[in-house]
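Raw contents of start30.pdb, PDB, C-alpha atoms, pLDDT in the B column:
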```
ATOM      1  CA  MET A   4      65.141  83.142  72.993  1.00 48.00           C
ATOM      2  CA  ALA A   5      68.416  81.490  72.137  1.00 60.00           C
ATOM      3  CA  GLY A   6      68.599  79.098  69.213  1.00 62.00           C
ATOM      4  CA  ARG A   7      70.551  75.934  68.658  1.00 70.00           C
ATOM      5  CA  GLY A   8      74.204  76.438  69.629  1.00 79.00           C
ATOM      6  CA  GLU A   9      73.263  79.454  71.762  1.00 92.00           C
ATOM      7  CA  ILE A  10      72.754  79.924  75.484  1.00 95.00           C
ATOM      8  CA  SER A  11      71.277  83.039  77.066  1.00 95.00           C
ATOM      9  CA  TRP A  12      70.460  84.363  80.512  1.00 96.00           C
ATOM     10  CA  LYS A  13      69.418  87.548  82.269  1.00 95.00           C
ATOM     11  CA  GLY A  14      71.138  89.023  85.281  1.00 92.00           C
ATOM     12  CA  ARG A  15      72.808  92.055  86.792  1.00 90.00           C
ATOM     13  CA  ASP A  16      76.272  93.478  86.221  1.00 85.00           C
ATOM     14  CA  ALA A  17      78.720  94.476  88.967  1.00 83.00           C
ATOM     15  CA  GLU A  18      76.989  97.856  89.408  1.00 88.00           C
ATOM     16  CA  GLY A  19      73.547  96.240  89.676  1.00 89.00           C
ATOM     17  CA  ALA A  20      72.306  97.256  86.214  1.00 90.00           C
ATOM     18  CA  ARG A  21      70.119  94.792  84.332  1.00 94.00           C
ATOM     19  CA  ARG A  22      71.747  92.919  81.429  1.00 95.00           C
ATOM     20  CA  GLU A  23      71.046  90.092  79.037  1.00 97.00           C
ATOM     21  CA  VAL A  24      73.829  87.769  77.931  1.00 97.00           C
ATOM     22  CA  LEU A  25      73.877  85.623  74.788  1.00 97.00           C
ATOM     23  CA  VAL A  26      76.638  83.104  74.125  1.00 97.00           C
ATOM     24  CA  ARG A  27      77.090  81.514  70.701  1.00 96.00           C
ATOM     25  CA  ARG A  28      79.195  78.481  69.957  1.00 92.00           C
ATOM     26  CA  HIS A  29      81.475  78.727  66.919  1.00 87.00           C
ATOM     27  CA  GLY A  30      83.469  75.543  66.424  1.00 85.00           C
ATOM     28  CA  ASP A  31      85.424  75.010  69.627  1.00 84.00           C
ATOM     29  CA  ASP A  32      85.024  78.568  70.909  1.00 89.00           C
ATOM     30  CA  TRP A  33      82.210  80.592  72.444  1.00 94.00           C
ATOM     31  CA  ASP A  34      81.382  84.245  71.661  1.00 96.00           C
ATOM     32  CA  PHE A  35      79.754  86.342  74.389  1.00 97.00           C
ATOM     33  CA  TYR A  36      77.317  89.191  73.650  1.00 97.00           C
ATOM     34  CA  GLU A  37      75.341  91.467  75.960  1.00 96.00           C
ATOM     35  CA  ARG A  38      72.671  94.138  75.872  1.00 96.00           C
ATOM     36  CA  VAL A  39      70.851  96.274  78.414  1.00 93.00           C
ATOM     37  CA  ARG A  40      67.379  96.466  76.847  1.00 90.00           C
ATOM     38  CA  ARG A  41      65.359  94.023  74.805  1.00 89.00           C
ATOM     39  CA  PHE A  42      65.380  95.844  71.462  1.00 92.00           C
ATOM     40  CA  GLU A  43      68.949  97.114  71.563  1.00 95.00           C
ATOM     41  CA  ARG A  44      71.686  95.572  69.467  1.00 96.00           C
ATOM     42  CA  TRP A  45      73.824  92.800  70.891  1.00 97.00           C
ATOM     43  CA  GLU A  46      77.344  94.048  71.659  1.00 97.00           C
ATOM     44  CA  ARG A  47      80.219  91.570  71.626  1.00 97.00           C
ATOM     45  CA  VAL A  48      82.044  91.166  74.945  1.00 96.00           C
ATOM     46  CA  ALA A  49      85.784  91.077  74.269  1.00 94.00           C
ATOM     47  CA  GLU A  50      86.799  89.702  77.685  1.00 95.00           C
ATOM     48  CA  PRO A  51      83.945  87.830  79.426  1.00 95.00           C
ATOM     49  CA  SER A  52      84.205  87.666  83.202  1.00 94.00           C
ATOM     50  CA  LEU A  53      84.894  84.520  85.186  1.00 94.00           C
ATOM     51  CA  ASP A  54      81.287  84.656  86.442  1.00 94.00           C
ATOM     52  CA  ASP A  55      80.025  84.630  82.848  1.00 95.00           C
ATOM     53  CA  TRP A  56      82.177  81.585  82.097  1.00 96.00           C
ATOM     54  CA  ARG A  57      80.899  79.832  85.229  1.00 96.00           C
ATOM     55  CA  THR A  58      77.303  80.553  84.238  1.00 96.00           C
ATOM     56  CA  LEU A  59      77.996  79.163  80.764  1.00 96.00           C
ATOM     57  CA  LEU A  60      79.603  76.031  82.230  1.00 96.00           C
ATOM     58  CA  ASP A  61      76.580  75.467  84.485  1.00 97.00           C
ATOM     59  CA  ALA A  62      74.187  75.843  81.526  1.00 96.00           C
ATOM     60  CA  VAL A  63      76.243  73.475  79.355  1.00 95.00           C
ATOM     61  CA  LYS A  64      76.296  70.867  82.143  1.00 96.00           C
ATOM     62  CA  ARG A  65      72.498  71.059  82.422  1.00 95.00           C
ATOM     63  CA  ARG A  66      72.115  70.739  78.651  1.00 93.00           C
ATOM     64  CA  ALA A  67      74.458  67.746  78.547  1.00 92.00           C
ATOM     65  CA  GLY A  68      72.404  66.087  81.281  1.00 90.00           C
ATOM     66  CA  ARG A  69      69.291  66.492  79.107  1.00 89.00           C
ATOM     67  CA  ARG A  70      71.204  65.283  76.022  1.00 88.00           C
ATOM     68  CA  LEU A  71      70.845  68.640  74.273  1.00 88.00           C
ATOM     69  CA  CYS A  72      74.588  68.924  73.648  1.00 88.00           C
ATOM     70  CA  PRO A  73      77.453  66.420  73.376  1.00 89.00           C
ATOM     71  CA  PRO A  74      78.454  64.841  76.700  1.00 90.00           C
ATOM     72  CA  GLU A  75      82.058  66.059  76.281  1.00 93.00           C
ATOM     73  CA  GLU A  76      81.024  69.725  75.901  1.00 93.00           C
ATOM     74  CA  PRO A  77      81.195  70.587  79.650  1.00 94.00           C
ATOM     75  CA  ARG A  78      84.811  69.357  79.686  1.00 95.00           C
ATOM     76  CA  ARG A  79      85.637  71.552  76.669  1.00 95.00           C
ATOM     77  CA  VAL A  80      84.091  74.631  78.269  1.00 95.00           C
ATOM     78  CA  HIS A  81      85.928  73.922  81.521  1.00 95.00           C
ATOM     79  CA  GLU A  82      89.242  73.686  79.625  1.00 95.00           C
ATOM     80  CA  LEU A  83      88.606  77.023  77.874  1.00 94.00           C
ATOM     81  CA  MET A  84      87.748  78.580  81.225  1.00 94.00           C
ATOM     82  CA  ARG A  85      90.939  77.225  82.835  1.00 94.00           C
ATOM     83  CA  ARG A  86      93.076  78.580  79.978  1.00 94.00           C
ATOM     84  CA  ARG A  87      91.569  82.057  80.327  1.00 93.00           C
ATOM     85  CA  PHE A  88      91.574  82.079  84.139  1.00 94.00           C
ATOM     86  CA  PRO A  89      94.444  79.858  85.361  1.00 91.00           C
ATOM     87  CA  GLU A  90      94.285  81.408  88.837  1.00 88.00           C
ATOM     88  CA  ALA A  91      90.657  80.332  89.371  1.00 79.00           C
ATOM     89  CA  GLU A  92      89.757  76.988  90.857  1.00 71.00           C
ATOM     90  CA  GLY A  93      87.010  74.751  89.506  1.00 54.00           C
TER      91      GLY A  93
END
```
Would you mind giving the structure from this file in structure tokens?
Amino acid sequence: MAGRGEISWKGRDAEGARREVLVRRHGDDWDFYERVRRFERWERVAEPSLDDWRTLLDAVKRRAGRRLCPPEEPRRVHELMRRRFPEAEG
């Protein structure tokens, strides 16, 4: 389970393989990690996909709505996402 300043989710990669994703907030940036099995080590993701950023943004919006993170945090994540993926909308 993710701790304070962390968000995690389970899903599938592009090939359909199971994966777990953990995202940690460090200052104004977010670090993405992933692993395939529960007891394996977390591996840092150098270039997270746009889908991973969208999932993070959705989770941050939900947390802000429940007052679990600052209300301006979704805007910050959206700005980071736009800088990394200028061709993507929303």
Determine the nearest neighbour of Arg87 (chain A) from the options A:Ile10, A:Val26, A:Leu53, A:Ala20, counting all atoms listed in the file.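 Checking each of A:Ile10, A:Val26, A:Leu53, A:Ala20 against Arg87 (chain A), counting all atoms listed in the file, the winner is A:Leu53.
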Which of these residues is nearest to Arg66 (chain A), using only C-alpha atoms: A:Phe42, A:Arg7, A:His29, A:Ser52?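 Going through A:Phe42, A:Arg7, A:His29, A:Ser52 one by one, the smallest distance to Arg66 (chain A) is for A:Arg7.
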Explicit residue set for the PyMOL selection byres ((chain A and resi 28) around 12), as a PyMOL selection string: chain A and resi 5-11+25-27+29-36+59+63+72+76+79-80
Generate the output file for the selected residues, C-alpha atoms, as a PDB file, in the coordinates of the input.
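Okay, again_17.pdb is ready:
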```pdb
ATOM      1  CA  ALA A   5      68.416  81.490  72.137  1.00 60.00           C
ATOM      2  CA  GLY A   6      68.599  79.098  69.213  1.00 62.00           C
ATOM      3  CA  ARG A   7      70.551  75.934  68.658  1.00 70.00           C
ATOM      4  CA  GLY A   8      74.204  76.438  69.629  1.00 79.00           C
ATOM      5  CA  GLU A   9      73.263  79.454  71.762  1.00 92.00           C
ATOM      6  CA  ILE A  10      72.754  79.924  75.484  1.00 95.00           C
ATOM      7  CA  SER A  11      71.277  83.039  77.066  1.00 95.00           C
ATOM      8  CA  LEU A  25      73.877  85.623  74.788  1.00 97.00           C
ATOM      9  CA  VAL A  26      76.638  83.104  74.125  1.00 97.00           C
ATOM     10  CA  ARG A  27      77.090  81.514  70.701  1.00 96.00           C
ATOM     11  CA  HIS A  29      81.475  78.727  66.919  1.00 87.00           C
ATOM     12  CA  GLY A  30      83.469  75.543  66.424  1.00 85.00           C
ATOM     13  CA  ASP A  31      85.424  75.010  69.627  1.00 84.00           C
ATOM     14  CA  ASP A  32      85.024  78.568  70.909  1.00 89.00           C
ATOM     15  CA  TRP A  33      82.210  80.592  72.444  1.00 94.00           C
ATOM     16  CA  ASP A  34      81.382  84.245  71.661  1.00 96.00           C
ATOM     17  CA  PHE A  35      79.754  86.342  74.389  1.00 97.00           C
ATOM     18  CA  TYR A  36      77.317  89.191  73.650  1.00 97.00           C
ATOM     19  CA  LEU A  59      77.996  79.163  80.764  1.00 96.00           C
ATOM     20  CA  VAL A  63      76.243  73.475  79.355  1.00 95.00           C
ATOM     21  CA  CYS A  72      74.588  68.924  73.648  1.00 88.00           C
ATOM     22  CA  GLU A  76      81.024  69.725  75.901  1.00 93.00           C
ATOM     23  CA  ARG A  79      85.637  71.552  76.669  1.00 95.00           C
ATOM     24  CA  VAL A  80      84.091  74.631  78.269  1.00 95.00           C
TER      25      VAL A  80
END
```
If you count only C-alpha atoms, which residues fall within 12 Å of Glu92 (chain A), apart from same-chain ones fewer than 5 positions away, as number ranges by chain? A: 53, 57, 81-82, 84-87
Can you tell me which residues surround Val24 (chain A) at a distance of at most 12 Å, considering all atoms listed in the file, apart from same-chain residues fewer than 4 positions away, and format the answer as a PyMOL selection string? chain A and resi 4-5+9-16+34-41+44-48+51-52+54-56+58-59
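Atom to atom, CA of Pro74 (chain A) and CA of Arg22 (chain A) stand 29.3 Å apart.
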Give the centre and edge lengths of an axis-aligned box, in Å to one decimal, that holds all listed atoms of region 55-73 of chain A with 6 Å on each side, as lines of an AutoDock Vina configuration file.
```
center_x = 75.7
center_y = 75.0
center_z = 79.3
size_x = 24.9
size_y = 31.3
size_z = 23.9
```
One-decimal distance in Å that lies between CA of Arg69 (chain A) and CA of Leu83 (chain A):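 Going from CA of Leu83 (chain A) over to CA of Arg69 (chain A), I get 22.0 Å.
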